[in-house]
Amino acid sequence: MKKYPVEKTEAEWLEQLGPERYKILREKGTERPFTGTYNLHQDDGAYNCGACDAQLFDSTSKFDSGCGWPSFDASIEGTVEYVRDTTHGMMRTEILCANCGSHLGHVFDDGPTNTGQRYCVNSASIDFKG
């Protein structure tokens, strides 16, 4: 198992995050589309990991993709880890916080901006810092 700069036992993560966020961040869950706090959020600032507070995305990379989850066209370099995900009969790229290994969502190569990327992120896996 990979080692991360921030490591805790699963019991410690559950106590810190609570059951809902734990399900998404540590058990790779997904919130229902169009229900997350940050789906249509447009304030200027940063989006940090909901587990370890590492800065992952800047508001300048956020856009409304219409998919029902917060979307970004880029992450802050070196902050996100990419893992092949073949669950649910699909081939996708999972994105994890490179600081603590928590699940953020997935990245797709269908973004409408010049990066061509669409980071589809669970609101429950991030916190906004204005």
# chains A, B, ... in the order shown; residues from 1 in each chain; ligands from 1

call {"tool": "residues_around", "arguments": {"residues": "A:Gly116", "least_positions_apart": "6", "cutoff": "8 Å", "atoms": "only C-alpha atoms", "output": "list of chain:residue names"}}
result
A:Asp73, A:Asp109, A:Asp110

call {"tool": "residues_around", "arguments": {"residues": "A:Asn122", "least_positions_apart": "6", "cutoff": "9 Å", "atoms": "only C-alpha atoms", "output": "PyMOL selection string"}}
result
chain A and resi 24-25+29-33+36+38-39+69-70+103-105

call {"tool": "select_by_dssp", "arguments": {"residues": "chain A", "states": "helix (DSSP H, G or I)", "output": "number ranges by chain"}}
result
A: 10-25, 59-61, 87-89, 123-125

call {"tool": "write_last_selection", "arguments": {"atoms": "N, CA and C atoms", "output": "PDB file, in the first residue's frame"}}
result
ATOM      1  N   GLU A  10      -8.124   4.116   9.639  1.00  0.00           N
ATOM      2  CA  GLU A  10      -9.477   4.342   9.119  1.00  0.00           C
ATOM      3  C   GLU A  10     -10.413   4.789  10.239  1.00  0.00           C
ATOM      4  N   ALA A  11     -10.194   4.324  11.449  1.00  0.00           N
ATOM      5  CA  ALA A  11     -11.007   4.770  12.589  1.00  0.00           C
ATOM      6  C   ALA A  11     -10.798   6.268  12.838  1.00  0.00           C
ATOM      7  N   GLU A  12      -9.552   6.733  12.726  1.00  0.00           N
ATOM      8  CA  GLU A  12      -9.270   8.160  12.900  1.00  0.00           C
ATOM      9  C   GLU A  12      -9.917   8.986  11.784  1.00  0.00           C
ATOM     10  N   TRP A  13      -9.839   8.484  10.525  1.00  0.00           N
ATOM     11  CA  TRP A  13     -10.483   9.193   9.412  1.00  0.00           C
ATOM     12  C   TRP A  13     -11.984   9.278   9.642  1.00  0.00           C
ATOM     13  N   LEU A  14     -12.605   8.185  10.044  1.00  0.00           N
ATOM     14  CA  LEU A  14     -14.054   8.177  10.273  1.00  0.00           C
ATOM     15  C   LEU A  14     -14.447   9.172  11.358  1.00  0.00           C
ATOM     16  N   GLU A  15     -13.679   9.213  12.437  1.00  0.00           N
ATOM     17  CA  GLU A  15     -13.968  10.153  13.523  1.00  0.00           C
ATOM     18  C   GLU A  15     -13.837  11.596  13.040  1.00  0.00           C
ATOM     19  N   GLN A  16     -12.806  11.884  12.261  1.00  0.00           N
ATOM     20  CA  GLN A  16     -12.577  13.243  11.751  1.00  0.00           C
ATOM     21  C   GLN A  16     -13.622  13.650  10.720  1.00  0.00           C
ATOM     22  N   LEU A  17     -13.950  12.761   9.786  1.00  0.00           N
ATOM     23  CA  LEU A  17     -14.772  13.121   8.637  1.00  0.00           C
ATOM     24  C   LEU A  17     -16.271  12.944   8.843  1.00  0.00           C
ATOM     25  N   GLY A  18     -16.666  12.033   9.720  1.00  0.00           N
ATOM     26  CA  GLY A  18     -18.077  11.684   9.849  1.00  0.00           C
ATOM     27  C   GLY A  18     -18.452  10.693   8.760  1.00  0.00           C
ATOM     28  N   PRO A  19     -19.578  10.004   8.909  1.00  0.00           N
ATOM     29  CA  PRO A  19     -19.929   8.914   8.005  1.00  0.00           C
ATOM     30  C   PRO A  19     -20.109   9.306   6.537  1.00  0.00           C
ATOM     31  N   GLU A  20     -20.741  10.440   6.260  1.00  0.00           N
ATOM     32  CA  GLU A  20     -21.009  10.821   4.868  1.00  0.00           C
ATOM     33  C   GLU A  20     -19.726  11.136   4.101  1.00  0.00           C
ATOM     34  N   ARG A  21     -18.901  11.994   4.679  1.00  0.00           N
ATOM     35  CA  ARG A  21     -17.642  12.345   4.005  1.00  0.00           C
ATOM     36  C   ARG A  21     -16.679  11.163   3.979  1.00  0.00           C
ATOM     37  N   TYR A  22     -16.687  10.358   5.018  1.00  0.00           N
ATOM     38  CA  TYR A  22     -15.832   9.172   5.053  1.00  0.00           C
ATOM     39  C   TYR A  22     -16.176   8.244   3.886  1.00  0.00           C
ATOM     40  N   LYS A  23     -17.464   8.035   3.645  1.00  0.00           N
ATOM     41  CA  LYS A  23     -17.924   7.154   2.564  1.00  0.00           C
ATOM     42  C   LYS A  23     -17.350   7.605   1.223  1.00  0.00           C
ATOM     43  N   ILE A  24     -17.326   8.902   0.988  1.00  0.00           N
ATOM     44  CA  ILE A  24     -16.833   9.421  -0.289  1.00  0.00           C
ATOM     45  C   ILE A  24     -15.302   9.482  -0.319  1.00  0.00           C
ATOM     46  N   LEU A  25     -14.707  10.103   0.672  1.00  0.00           N
ATOM     47  CA  LEU A  25     -13.260  10.324   0.660  1.00  0.00           C
ATOM     48  C   LEU A  25     -12.438   9.049   0.874  1.00  0.00           C
ATOM     49  N   SER A  59     -10.013  28.426  -8.060  1.00  0.00           N
ATOM     50  CA  SER A  59     -11.317  28.786  -8.640  1.00  0.00           C
ATOM     51  C   SER A  59     -11.211  29.207 -10.107  1.00  0.00           C
ATOM     52  N   THR A  60     -10.038  29.636 -10.559  1.00  0.00           N
ATOM     53  CA  THR A  60      -9.888  30.043 -11.967  1.00  0.00           C
ATOM     54  C   THR A  60     -10.002  28.852 -12.908  1.00  0.00           C
ATOM     55  N   SER A  61      -9.850  27.627 -12.385  1.00  0.00           N
ATOM     56  CA  SER A  61      -9.965  26.439 -13.235  1.00  0.00           C
ATOM     57  C   SER A  61     -11.347  25.792 -13.151  1.00  0.00           C
ATOM     58  N   THR A  87     -13.708  -0.104 -12.303  1.00  0.00           N
ATOM     59  CA  THR A  87     -14.923  -0.527 -11.607  1.00  0.00           C
ATOM     60  C   THR A  87     -16.167  -0.178 -12.429  1.00  0.00           C
ATOM     61  N   HIS A  88     -17.265  -0.825 -12.115  1.00  0.00           N
ATOM     62  CA  HIS A  88     -18.569  -0.568 -12.740  1.00  0.00           C
ATOM     63  C   HIS A  88     -18.547  -0.761 -14.250  1.00  0.00           C
ATOM     64  N   GLY A  89     -17.657  -1.636 -14.744  1.00  0.00           N
ATOM     65  CA  GLY A  89     -17.596  -1.942 -16.164  1.00  0.00           C
ATOM     66  C   GLY A  89     -17.108  -0.801 -17.035  1.00  0.00           C
ATOM     67  N   SER A 123     -18.407  17.287  -4.202  1.00  0.00           N
ATOM     68  CA  SER A 123     -18.378  18.434  -3.283  1.00  0.00           C
ATOM     69  C   SER A 123     -17.944  18.009  -1.887  1.00  0.00           C
ATOM     70  N   ALA A 124     -18.373  16.826  -1.460  1.00  0.00           N
ATOM     71  CA  ALA A 124     -18.054  16.347  -0.118  1.00  0.00           C
ATOM     72  C   ALA A 124     -16.569  16.055   0.063  1.00  0.00           C
ATOM     73  N   SER A 125     -15.813  15.989  -1.034  1.00  0.00           N
ATOM     74  CA  SER A 125     -14.391  15.684  -0.914  1.00  0.00           C
ATOM     75  C   SER A 125     -13.518  16.935  -0.891  1.00  0.00           C
TER      76      SER A 125
END

call {"tool": "atom_distance", "arguments": {"atom1": "atom CA of A:Ile76", "atom2": "atom CA of A:Gln55"}}
result
7.6 Å

call {"tool": "residues_around", "arguments": {"residues": "A:Phe72", "least_positions_apart": "2", "cutoff": "6 Å", "atoms": "only C-alpha atoms", "output": "NGL selection string"}}
result
:A and (61-63 or 74 or 118-119)

call {"tool": "select_by_dssp", "arguments": {"residues": "stretch 2-130 of chain A", "states": "strand (DSSP E)", "output": "ChimeraX atom specification"}}
result
/A:46-49,55-58,62-63,71-72,80-85,92-97,103-108,118-121,126-129

call {"tool": "closest_residue", "arguments": {"among": "A:Gly68, A:Gly78, A:Pro5, A:Gly101", "to": "A:Cys49", "atoms": "only C-alpha atoms"}}
result
A:Gly101

call {"tool": "residues_around", "arguments": {"residues": "A:Lys129", "least_positions_apart": "3", "cutoff": "9 Å", "atoms": "only C-alpha atoms", "output": "MDAnalysis selection string"}}
result
chainID A and resid 44:48

call {"tool": "write_last_selection", "arguments": {"atoms": "N, CA, C and O atoms", "output": "PDB file, in the first residue's frame"}}
result
ATOM      1  N   ASP A  44     -14.296  33.324  -5.766  1.00  0.00           N
ATOM      2  CA  ASP A  44     -12.848  33.264  -5.980  1.00  0.00           C
ATOM      3  C   ASP A  44     -12.172  32.686  -4.749  1.00  0.00           C
ATOM      4  O   ASP A  44     -12.490  33.064  -3.617  1.00  0.00           O
ATOM      5  N   GLY A  45     -11.241  31.772  -4.973  1.00  0.00           N
ATOM      6  CA  GLY A  45     -10.502  31.168  -3.872  1.00  0.00           C
ATOM      7  C   GLY A  45      -9.926  29.828  -4.277  1.00  0.00           C
ATOM      8  O   GLY A  45      -9.668  29.577  -5.454  1.00  0.00           O
ATOM      9  N   ALA A  46      -9.742  28.976  -3.291  1.00  0.00           N
ATOM     10  CA  ALA A  46      -9.125  27.667  -3.505  1.00  0.00           C
ATOM     11  C   ALA A  46     -10.045  26.566  -3.005  1.00  0.00           C
ATOM     12  O   ALA A  46     -10.850  26.774  -2.101  1.00  0.00           O
ATOM     13  N   TYR A  47      -9.883  25.401  -3.586  1.00  0.00           N
ATOM     14  CA  TYR A  47     -10.611  24.210  -3.162  1.00  0.00           C
ATOM     15  C   TYR A  47      -9.589  23.225  -2.622  1.00  0.00           C
ATOM     16  O   TYR A  47      -8.674  22.817  -3.335  1.00  0.00           O
ATOM     17  N   ASN A  48      -9.754  22.890  -1.339  1.00  0.00           N
ATOM     18  CA  ASN A  48      -8.795  22.051  -0.633  1.00  0.00           C
ATOM     19  C   ASN A  48      -9.365  20.675  -0.362  1.00  0.00           C
ATOM     20  O   ASN A  48     -10.589  20.495  -0.312  1.00  0.00           O
TER      21      ASN A  48
END

call {"tool": "closest_residue", "arguments": {"among": "A:Asp53, A:Asp43, A:Asp58, A:Glu7", "to": "A:Ser75", "atoms": "only C-alpha atoms"}}
result
A:Asp58
